[in-house]
file data_32.tsv (TSV, C-alpha atoms)
chain	number	residue	atom	x	y	z
E	1	MET	CA	1.99	61.23	26.98
E	2	THR	CA	1.85	60.90	30.75
E	3	GLU	CA	4.80	59.75	32.85
E	4	GLU	CA	2.86	56.56	33.64
E	5	GLN	CA	2.42	55.85	29.92
E	6	LYS	CA	6.11	56.47	29.26
E	7	GLU	CA	7.15	53.98	31.91
E	8	LYS	CA	4.57	51.29	31.22
E	9	PRO	CA	6.21	48.50	29.16
E	10	TYR	CA	4.56	47.28	26.00
E	11	SER	CA	2.70	43.99	26.32
E	12	ARG	CA	-0.10	44.00	23.72
E	13	ALA	CA	-0.05	44.14	19.92
E	14	MET	CA	-2.55	43.95	17.08
E	15	VAL	CA	-1.94	42.98	13.46
E	16	VAL	CA	-4.48	44.22	10.89
E	17	MET	CA	-4.23	42.54	7.49
E	18	ALA	CA	-6.43	42.00	4.46
E	19	HIS	CA	-6.29	38.20	4.11
E	20	PRO	CA	-5.50	35.02	5.99
E	21	ASP	CA	-1.73	34.40	5.47
E	22	ASP	CA	-0.81	38.10	4.98
E	23	ALA	CA	0.54	38.39	8.51
E	24	GLU	CA	2.41	35.09	8.27
E	25	TYR	CA	4.24	36.35	5.19
E	26	SER	CA	4.99	39.85	6.46
E	27	CYS	CA	5.43	39.92	10.23
E	28	SER	CA	4.91	36.54	11.91
E	29	GLY	CA	8.57	36.33	12.94
E	30	THR	CA	8.03	39.48	14.99
E	31	VAL	CA	4.75	38.08	16.32
E	32	ALA	CA	6.50	34.83	17.30
E	33	LYS	CA	9.14	36.85	19.15
E	34	TRP	CA	6.50	38.85	21.01
E	35	THR	CA	4.40	35.86	22.07
E	36	ARG	CA	7.57	34.09	23.21
E	37	MET	CA	8.15	37.13	25.44
E	38	GLY	CA	4.65	36.81	26.90
E	39	TRP	CA	2.86	39.49	24.88
E	40	GLU	CA	-0.82	39.27	23.96
E	41	VAL	CA	-1.18	39.50	20.17
E	42	VAL	CA	-4.47	39.75	18.26
E	43	TYR	CA	-5.00	39.45	14.51
E	44	VAL	CA	-7.73	41.39	12.69
E	45	LEU	CA	-8.37	40.00	9.20
E	46	CYS	CA	-10.48	42.21	6.99
E	47	THR	CA	-11.55	39.78	4.24
E	48	ASP	CA	-12.67	36.16	4.10
E	49	GLY	CA	-9.89	35.13	1.70
E	50	SER	CA	-12.47	33.59	-0.59
E	51	LYS	CA	-10.85	34.37	-3.97
E	52	GLY	CA	-7.27	33.12	-3.64
E	53	THR	CA	-7.31	29.94	-5.72
E	54	ASP	CA	-6.73	28.61	-9.23
E	55	GLU	CA	-8.85	25.48	-8.66
E	56	PRO	CA	-11.73	25.51	-11.17
E	57	ASP	CA	-14.07	23.52	-8.90
E	58	MET	CA	-13.53	25.60	-5.76
E	59	THR	CA	-16.33	27.80	-4.46
E	60	THR	CA	-16.01	31.03	-2.50
E	61	GLU	CA	-17.91	29.51	0.44
E	62	LYS	CA	-15.67	26.45	0.61
E	63	LEU	CA	-12.47	28.45	0.24
E	64	ALA	CA	-13.50	30.94	2.94
E	65	ALA	CA	-14.04	28.05	5.36
E	66	ILE	CA	-10.70	26.47	4.43
E	67	ARG	CA	-8.79	29.69	4.90
E	68	LYS	CA	-10.43	30.46	8.22
E	69	ARG	CA	-9.44	27.02	9.49
E	70	GLU	CA	-5.89	27.49	8.21
E	71	GLN	CA	-5.62	30.85	9.94
E	72	LEU	CA	-6.82	29.40	13.23
E	73	ASP	CA	-4.21	26.64	12.91
E	74	ALA	CA	-1.52	29.27	12.32
E	75	ALA	CA	-2.80	31.24	15.33
E	76	LYS	CA	-2.30	28.19	17.58
E	77	ILE	CA	1.28	27.81	16.36
E	78	LEU	CA	2.02	31.48	17.05
E	79	GLY	CA	0.20	31.56	20.40
E	80	LEU	CA	-2.17	34.39	19.49
E	81	LYS	CA	-4.69	35.65	22.00
E	82	ASP	CA	-7.45	35.98	19.40
E	83	VAL	CA	-8.23	36.25	15.69
E	84	VAL	CA	-10.97	38.69	14.65
E	85	PHE	CA	-12.53	37.84	11.27
E	86	LEU	CA	-14.34	40.84	9.76
E	87	ASN	CA	-15.40	38.75	6.71
E	88	TYR	CA	-15.54	41.44	4.06
E	89	PRO	CA	-15.52	39.85	0.57
E	90	ASP	CA	-12.02	39.09	-0.71
E	91	SER	CA	-10.77	41.25	-3.62
E	92	TYR	CA	-13.49	43.89	-3.15
E	93	LEU	CA	-12.11	45.63	-0.04
E	94	THR	CA	-12.24	49.42	0.16
E	95	PRO	CA	-11.15	51.72	3.02
E	96	SER	CA	-14.78	52.40	3.87
E	97	LEU	CA	-16.17	54.03	6.99
E	98	ASP	CA	-17.67	50.68	7.97
E	99	LEU	CA	-14.27	48.97	7.78
E	100	ARG	CA	-12.64	51.80	9.71
E	101	LYS	CA	-15.27	51.47	12.42
E	102	ASP	CA	-14.86	47.69	12.65
E	103	ILE	CA	-11.09	48.04	13.08
E	104	ALA	CA	-11.58	50.81	15.65
E	105	ARG	CA	-13.95	48.53	17.54
E	106	ALA	CA	-11.25	45.85	17.67
E	107	ILE	CA	-8.67	48.40	18.82
E	108	ARG	CA	-10.90	49.64	21.63
E	109	THR	CA	-11.68	46.05	22.63
E	110	HIS	CA	-8.12	44.72	22.78
E	111	LYS	CA	-6.22	47.98	23.49
E	112	PRO	CA	-2.92	47.29	21.71
E	113	ASP	CA	0.25	49.21	22.47
E	114	ILE	CA	1.53	48.54	18.93
E	115	LEU	CA	-0.52	48.05	15.77
E	116	ILE	CA	0.97	46.53	12.60
E	117	CYS	CA	-0.71	47.08	9.23
E	118	PRO	CA	0.15	46.96	5.51
E	119	ASN	CA	1.58	49.79	3.47
E	120	PRO	CA	-1.44	51.69	2.08
E	121	THR	CA	0.43	52.76	-1.08
E	122	ARG	CA	1.61	50.93	-4.16
E	123	SER	CA	5.24	49.87	-4.17
E	124	PHE	CA	7.38	49.74	-7.30
E	125	ASP	CA	10.66	48.75	-5.61
E	126	ASN	CA	10.73	45.26	-7.16
E	127	ASN	CA	9.95	43.67	-10.51
E	128	PHE	CA	7.33	41.12	-9.50
E	129	TYR	CA	4.71	42.78	-7.27
E	130	VAL	CA	2.84	46.07	-7.66
E	131	GLY	CA	0.49	45.80	-4.68
E	132	HIS	CA	-2.85	44.15	-3.95
E	133	PRO	CA	-5.77	46.60	-3.66
E	134	ASP	CA	-7.07	44.78	-0.57
E	135	HIS	CA	-3.72	45.27	1.16
E	136	MET	CA	-3.78	48.99	0.45
E	137	ALA	CA	-7.40	49.30	1.60
E	138	ALA	CA	-6.66	47.43	4.84
E	139	GLY	CA	-3.65	49.65	5.48
E	140	GLU	CA	-5.53	52.89	4.87
E	141	ALA	CA	-8.49	51.82	7.02
E	142	ALA	CA	-6.18	50.69	9.83
E	143	LEU	CA	-4.27	53.99	9.79
E	144	ALA	CA	-7.53	55.92	9.99
E	145	ALA	CA	-8.79	53.66	12.76
E	146	VAL	CA	-5.65	54.31	14.82
E	147	TYR	CA	-5.77	58.05	14.19
E	148	PRO	CA	-8.17	59.55	14.90
E	149	THR	CA	-11.07	57.08	15.16
E	150	SER	CA	-10.08	54.84	18.07
E	151	ARG	CA	-8.76	57.86	19.97
E	152	ASP	CA	-11.68	60.29	19.70
E	153	ARG	CA	-14.68	59.95	21.96
E	154	LEU	CA	-17.05	61.77	19.61
E	155	THR	CA	-16.24	59.60	16.59
E	156	TYR	CA	-18.74	56.71	16.47
E	157	PRO	CA	-20.35	57.50	19.85
E	158	ASP	CA	-22.31	54.24	19.57
E	159	LEU	CA	-19.04	52.45	20.38
E	160	ILE	CA	-19.15	54.18	23.76
E	161	LYS	CA	-22.64	52.76	24.21
E	162	GLU	CA	-21.16	49.31	23.52
E	163	GLY	CA	-18.84	49.90	26.47
E	164	LEU	CA	-15.80	50.55	24.26
E	165	GLU	CA	-13.91	53.55	25.60
E	166	PRO	CA	-11.39	55.35	23.36
E	167	HIS	CA	-7.92	53.87	23.17
E	168	LYS	CA	-4.66	55.50	22.02
E	169	VAL	CA	-2.25	53.19	20.21
E	170	ARG	CA	1.30	54.04	21.25
E	171	GLU	CA	3.16	52.92	18.11
E	172	LEU	CA	2.09	52.25	14.52
E	173	TRP	CA	4.21	49.81	12.49
E	174	ILE	CA	3.77	49.58	8.71
E	175	THR	CA	5.16	46.54	6.91
E	176	MET	CA	7.70	47.97	4.49
E	177	GLY	CA	10.47	47.17	2.07
E	178	ALA	CA	11.91	50.49	0.95
E	179	GLY	CA	11.40	53.24	3.51
E	180	ALA	CA	11.79	51.09	6.61
E	181	ASN	CA	13.26	52.70	9.72
E	182	HIS	CA	13.06	49.79	12.17
E	183	TRP	CA	14.23	46.17	11.98
E	184	VAL	CA	13.27	43.34	14.34
E	185	GLU	CA	16.04	40.76	14.66
E	186	LEU	CA	14.72	37.20	14.44
E	187	THR	CA	16.28	34.19	16.07
E	188	GLU	CA	16.28	30.82	14.34
E	189	GLU	CA	13.52	29.81	16.75
E	190	ASP	CA	11.42	32.83	15.76
E	191	LEU	CA	11.89	32.11	12.07
E	192	LYS	CA	11.03	28.42	12.44
E	193	THR	CA	7.83	29.30	14.31
E	194	SER	CA	6.98	31.83	11.61
E	195	LEU	CA	7.53	29.25	8.86
E	196	ARG	CA	5.42	26.65	10.65
E	197	ALA	CA	2.59	29.18	10.91
E	198	LEU	CA	2.91	30.15	7.25
E	199	LYS	CA	2.83	26.50	6.15
E	200	ALA	CA	-0.44	26.06	8.04
E	201	HIS	CA	-1.94	27.94	5.08
E	202	VAL	CA	-1.81	24.78	3.00
E	203	SER	CA	-4.08	26.13	0.27
E	204	GLN	CA	-1.78	29.09	-0.36
E	205	VAL	CA	1.88	28.08	-0.05
E	206	GLY	CA	4.18	26.15	-2.37
E	207	GLU	CA	6.98	23.71	-1.68
E	208	ASP	CA	9.64	26.41	-2.01
E	209	VAL	CA	8.22	28.64	0.72
E	210	ASP	CA	10.97	27.85	3.27
E	211	GLY	CA	13.74	28.92	0.96
E	212	ARG	CA	11.97	32.02	-0.28
E	213	MET	CA	11.11	33.24	3.21
E	214	ARG	CA	14.59	32.61	4.55
E	215	GLU	CA	15.97	34.58	1.62
E	216	TRP	CA	13.59	37.50	2.23
E	217	LYS	CA	14.24	37.63	5.97
E	218	ALA	CA	18.01	37.31	5.40
E	219	ARG	CA	17.91	40.17	2.89
E	220	ALA	CA	16.13	42.38	5.44
E	221	GLY	CA	18.55	41.33	8.16
E	222	SER	CA	21.60	42.09	6.05
E	223	LEU	CA	20.71	45.79	6.15
E	224	ARG	CA	21.42	45.83	9.90
E	225	GLY	CA	23.95	43.06	10.32
E	226	TYR	CA	21.39	40.48	11.43
E	227	ARG	CA	21.07	36.95	10.14
E	228	TYR	CA	17.28	37.33	9.82
E	229	ALA	CA	14.96	40.30	10.38
E	230	GLU	CA	11.64	41.90	9.48
E	231	ALA	CA	11.48	45.56	8.49
E	232	PHE	CA	8.89	48.19	9.35
E	233	ARG	CA	8.21	51.90	9.18
E	234	VAL	CA	7.52	52.84	12.80
E	235	PHE	CA	5.63	55.91	13.97
E	236	LYS	CA	5.54	56.81	17.66
E	237	MET	CA	2.11	58.31	18.18
E	238	ARG	CA	1.58	61.39	20.31
E	239	VAL	CA	-0.90	60.05	22.82

call {"tool": "encode", "arguments": {"input": "data_32.tsv", "output": "structure tokens"}}
result
Amino acid sequence: MTEEQKEKPYSRAMVVMAHPDDAEYSCSGTVAKWTRMGWEVVYVLCTDGSKGTDEPDMTTEKLAAIRKREQLDAAKILGLKDVVFLNYPDSYLTPSLDLRKDIARAIRTHKPDILICPNPTRSFDNNFYVGHPDHMAAGEAALAAVYPTSRDRLTYPDLIKEGLEPHKVRELWITMGAGANHWVELTEEDLKTSLRALKAHVSQVGEDVDGRMREWKARAGSLRGYRYAEAFRVFKMRV
């Protein structure tokens, strides 16, 4: 890392997730804090979200359109710079070379200092959730896109022809429960903005979402003496 890179403050972030609403559940309090501070934040959503419904008369095409609109509404609430929809089919995501390349393209385009992505491994630290395969695939592809794909000039040289020079992400943040080593303290304002963004996903949230999210963020905060927080595993990349 050069002296200039060490001194340059962070001002850009990217969040790579599998589905519309994943970021709102996992890290939108942190995103709200960053945008309030003037940061540019971009979402990259790997799938079209076209399977997340119990409605018997819903179609994949209609649901994909609904969830895209909901995500754009949430983006306005959070003040995002952009939302990149990769539109891979929901529930079929794999950490393919094509997905890795698409995420690397977004990284080289928007040049984030920090990239947030899901945990690419299954978690058994609770009794109600064992991991969604799309989340793991998005996490693995994002990790590979950060290192080494977006960094190396000779990986996908056609990206150079598109005018997309290599970019080195400075920090990688993985959304975590157990194994976290970094907590972002959230103000009441940050949490309220996060909840408003989450509730923009009308097709996905229930009436109890406020209480559940406050409980989750309070539980994370209690580990560091904060009222509310979001937890991550942070890696400082050698750029």

call {"tool": "closest_residue", "arguments": {"input": "data_32.tsv", "among": "E:Pro9, E:Val16, E:Phe85, E:Asp210", "to": "Leu72 (chain E)", "atoms": "all atoms listed in the file"}}
result
E:Phe85

call {"tool": "closest_atom_pairs", "arguments": {"input": "data_32.tsv", "of": "region 177-216 of chain E", "to": "region 25-47 of chain E", "cutoff": "6 Å", "atoms": "all atoms listed in the file", "output": "JSON lines"}}
result
{"residue": "E:Asp190", "atom": "CA", "partner": "E:Gly29", "partner_atom": "CA", "distance": 5.3}
{"residue": "E:Leu191", "atom": "CA", "partner": "E:Gly29", "partner_atom": "CA", "distance": 5.4}
{"residue": "E:Ser194", "atom": "CA", "partner": "E:Gly29", "partner_atom": "CA", "distance": 5.0}

call {"tool": "residues_around", "arguments": {"input": "data_32.tsv", "residues": "region 167-176 of chain E", "least_positions_apart": "5", "cutoff": "9 Å", "atoms": "all atoms listed in the file", "output": "PyMOL selection string"}}
result
chain E and resi 5+10+26-27+104+107-109+111-120+139+143+146-148+150-152+181-182+230-239

call {"tool": "atom_distance", "arguments": {"input": "data_32.tsv", "atom1": "CA of Pro89 (chain E)", "atom2": "CA of Ile160 (chain E)"}}
result
27.5 Å

call {"tool": "residues_near_point", "arguments": {"input": "data_32.tsv", "point": "(16.7, 44.5, 7.0)", "cutoff": "10 Å", "atoms": "only C-alpha atoms", "output": "JSON, numbers by chain"}}
result
{"E": [176, 177, 178, 180, 181, 182, 183, 184, 185, 216, 217, 218, 219, 220, 221, 222, 223, 224, 225, 226, 227, 228, 229, 230, 231, 232]}

call {"tool": "write_last_selection", "arguments": {"input": "data_32.tsv", "atoms": "C-alpha atoms", "output": "PDB file, in the coordinates of the input"}}
result
ATOM      1  CA  MET E 176       7.700  47.970   4.490  1.00  0.00           C
ATOM      2  CA  GLY E 177      10.470  47.170   2.070  1.00  0.00           C
ATOM      3  CA  ALA E 178      11.910  50.490   0.950  1.00  0.00           C
ATOM      4  CA  ALA E 180      11.790  51.090   6.610  1.00  0.00           C
ATOM      5  CA  ASN E 181      13.260  52.700   9.720  1.00  0.00           C
ATOM      6  CA  HIS E 182      13.060  49.790  12.170  1.00  0.00           C
ATOM      7  CA  TRP E 183      14.230  46.170  11.980  1.00  0.00           C
ATOM      8  CA  VAL E 184      13.270  43.340  14.340  1.00  0.00           C
ATOM      9  CA  GLU E 185      16.040  40.760  14.660  1.00  0.00           C
ATOM     10  CA  TRP E 216      13.590  37.500   2.230  1.00  0.00           C
ATOM     11  CA  LYS E 217      14.240  37.630   5.970  1.00  0.00           C
ATOM     12  CA  ALA E 218      18.010  37.310   5.400  1.00  0.00           C
ATOM     13  CA  ARG E 219      17.910  40.170   2.890  1.00  0.00           C
ATOM     14  CA  ALA E 220      16.130  42.380   5.440  1.00  0.00           C
ATOM     15  CA  GLY E 221      18.550  41.330   8.160  1.00  0.00           C
ATOM     16  CA  SER E 222      21.600  42.090   6.050  1.00  0.00           C
ATOM     17  CA  LEU E 223      20.710  45.790   6.150  1.00  0.00           C
ATOM     18  CA  ARG E 224      21.420  45.830   9.900  1.00  0.00           C
ATOM     19  CA  GLY E 225      23.950  43.060  10.320  1.00  0.00           C
ATOM     20  CA  TYR E 226      21.390  40.480  11.430  1.00  0.00           C
ATOM     21  CA  ARG E 227      21.070  36.950  10.140  1.00  0.00           C
ATOM     22  CA  TYR E 228      17.280  37.330   9.820  1.00  0.00           C
ATOM     23  CA  ALA E 229      14.960  40.300  10.380  1.00  0.00           C
ATOM     24  CA  GLU E 230      11.640  41.900   9.480  1.00  0.00           C
ATOM     25  CA  ALA E 231      11.480  45.560   8.490  1.00  0.00           C
ATOM     26  CA  PHE E 232       8.890  48.190   9.350  1.00  0.00           C
TER      27      PHE E 232
END

call {"tool": "closest_residue", "arguments": {"input": "data_32.tsv", "among": "E:Lys51, E:His132, E:Arg105, E:Lys68", "to": "Tyr156 (chain E)", "atoms": "all atoms listed in the file"}}
result
E:Arg105

call {"tool": "atom_distance", "arguments": {"input": "data_32.tsv", "atom1": "CA of Leu93 (chain E)", "atom2": "CA of Thr121 (chain E)"}}
result
14.5 Å

call {"tool": "residues_around", "arguments": {"input": "data_32.tsv", "residues": "Asp73 (chain E)", "least_positions_apart": "3", "cutoff": "9 Å", "atoms": "only C-alpha atoms", "output": "VMD selection string"}}
result
chain E and resid 68 to 70 76 to 78 197 200 to 201

call {"tool": "atom_distance", "arguments": {"input": "data_32.tsv", "atom1": "CA of Leu86 (chain E)", "atom2": "CA of Met58 (chain E)"}}
result
21.8 Å

call {"tool": "build_atoms", "arguments": {"input": "data_32.tsv", "residues": "region 65-83 of chain E", "atoms": "N, CA and C atoms", "output": "PDB file, in the frame of the given file"}}
result
ATOM      1  N   ALA E  65     -14.094  28.952   4.198  1.00  0.00           N
ATOM      2  CA  ALA E  65     -14.040  28.050   5.360  1.00  0.00           C
ATOM      3  C   ALA E  65     -12.658  27.433   5.510  1.00  0.00           C
ATOM      4  N   ILE E  66     -12.050  27.044   4.388  1.00  0.00           N
ATOM      5  CA  ILE E  66     -10.700  26.470   4.430  1.00  0.00           C
ATOM      6  C   ILE E  66      -9.710  27.480   4.988  1.00  0.00           C
ATOM      7  N   ARG E  67      -9.781  28.695   4.491  1.00  0.00           N
ATOM      8  CA  ARG E  67      -8.790  29.690   4.900  1.00  0.00           C
ATOM      9  C   ARG E  67      -8.984  30.149   6.337  1.00  0.00           C
ATOM     10  N   LYS E  68     -10.210  30.156   6.807  1.00  0.00           N
ATOM     11  CA  LYS E  68     -10.430  30.460   8.220  1.00  0.00           C
ATOM     12  C   LYS E  68      -9.812  29.377   9.093  1.00  0.00           C
ATOM     13  N   ARG E  69     -10.014  28.122   8.713  1.00  0.00           N
ATOM     14  CA  ARG E  69      -9.440  27.020   9.490  1.00  0.00           C
ATOM     15  C   ARG E  69      -7.915  27.082   9.459  1.00  0.00           C
ATOM     16  N   GLU E  70      -7.339  27.373   8.302  1.00  0.00           N
ATOM     17  CA  GLU E  70      -5.890  27.490   8.210  1.00  0.00           C
ATOM     18  C   GLU E  70      -5.357  28.607   9.086  1.00  0.00           C
ATOM     19  N   GLN E  71      -6.072  29.733   9.116  1.00  0.00           N
ATOM     20  CA  GLN E  71      -5.620  30.850   9.940  1.00  0.00           C
ATOM     21  C   GLN E  71      -5.691  30.514  11.424  1.00  0.00           C
ATOM     22  N   LEU E  72      -6.722  29.805  11.831  1.00  0.00           N
ATOM     23  CA  LEU E  72      -6.820  29.400  13.230  1.00  0.00           C
ATOM     24  C   LEU E  72      -5.715  28.421  13.595  1.00  0.00           C
ATOM     25  N   ASP E  73      -5.343  27.542  12.663  1.00  0.00           N
ATOM     26  CA  ASP E  73      -4.210  26.640  12.910  1.00  0.00           C
ATOM     27  C   ASP E  73      -2.914  27.431  13.064  1.00  0.00           C
ATOM     28  N   ALA E  74      -2.717  28.421  12.211  1.00  0.00           N
ATOM     29  CA  ALA E  74      -1.520  29.270  12.320  1.00  0.00           C
ATOM     30  C   ALA E  74      -1.520  30.033  13.639  1.00  0.00           C
ATOM     31  N   ALA E  75      -2.694  30.490  14.066  1.00  0.00           N
ATOM     32  CA  ALA E  75      -2.800  31.240  15.330  1.00  0.00           C
ATOM     33  C   ALA E  75      -2.359  30.383  16.513  1.00  0.00           C
ATOM     34  N   LYS E  76      -2.712  29.099  16.495  1.00  0.00           N
ATOM     35  CA  LYS E  76      -2.300  28.190  17.580  1.00  0.00           C
ATOM     36  C   LYS E  76      -0.777  28.050  17.605  1.00  0.00           C
ATOM     37  N   ILE E  77      -0.176  27.945  16.436  1.00  0.00           N
ATOM     38  CA  ILE E  77       1.280  27.810  16.360  1.00  0.00           C
ATOM     39  C   ILE E  77       1.960  29.049  16.920  1.00  0.00           C
ATOM     40  N   LEU E  78       1.422  30.215  16.616  1.00  0.00           N
ATOM     41  CA  LEU E  78       2.020  31.480  17.050  1.00  0.00           C
ATOM     42  C   LEU E  78       1.673  31.843  18.491  1.00  0.00           C
ATOM     43  N   GLY E  79       0.627  31.226  19.042  1.00  0.00           N
ATOM     44  CA  GLY E  79       0.200  31.560  20.400  1.00  0.00           C
ATOM     45  C   GLY E  79      -0.557  32.860  20.484  1.00  0.00           C
ATOM     46  N   LEU E  80      -1.392  33.148  19.477  1.00  0.00           N
ATOM     47  CA  LEU E  80      -2.170  34.390  19.490  1.00  0.00           C
ATOM     48  C   LEU E  80      -3.243  34.355  20.563  1.00  0.00           C
ATOM     49  N   LYS E  81      -3.591  35.534  21.051  1.00  0.00           N
ATOM     50  CA  LYS E  81      -4.690  35.650  22.000  1.00  0.00           C
ATOM     51  C   LYS E  81      -6.025  35.453  21.309  1.00  0.00           C
ATOM     52  N   ASP E  82      -6.163  36.020  20.093  1.00  0.00           N
ATOM     53  CA  ASP E  82      -7.450  35.980  19.400  1.00  0.00           C
ATOM     54  C   ASP E  82      -7.235  36.292  17.927  1.00  0.00           C
ATOM     55  N   VAL E  83      -8.176  35.860  17.091  1.00  0.00           N
ATOM     56  CA  VAL E  83      -8.230  36.250  15.690  1.00  0.00           C
ATOM     57  C   VAL E  83      -9.632  36.802  15.430  1.00  0.00           C
TER      58      VAL E  83
END
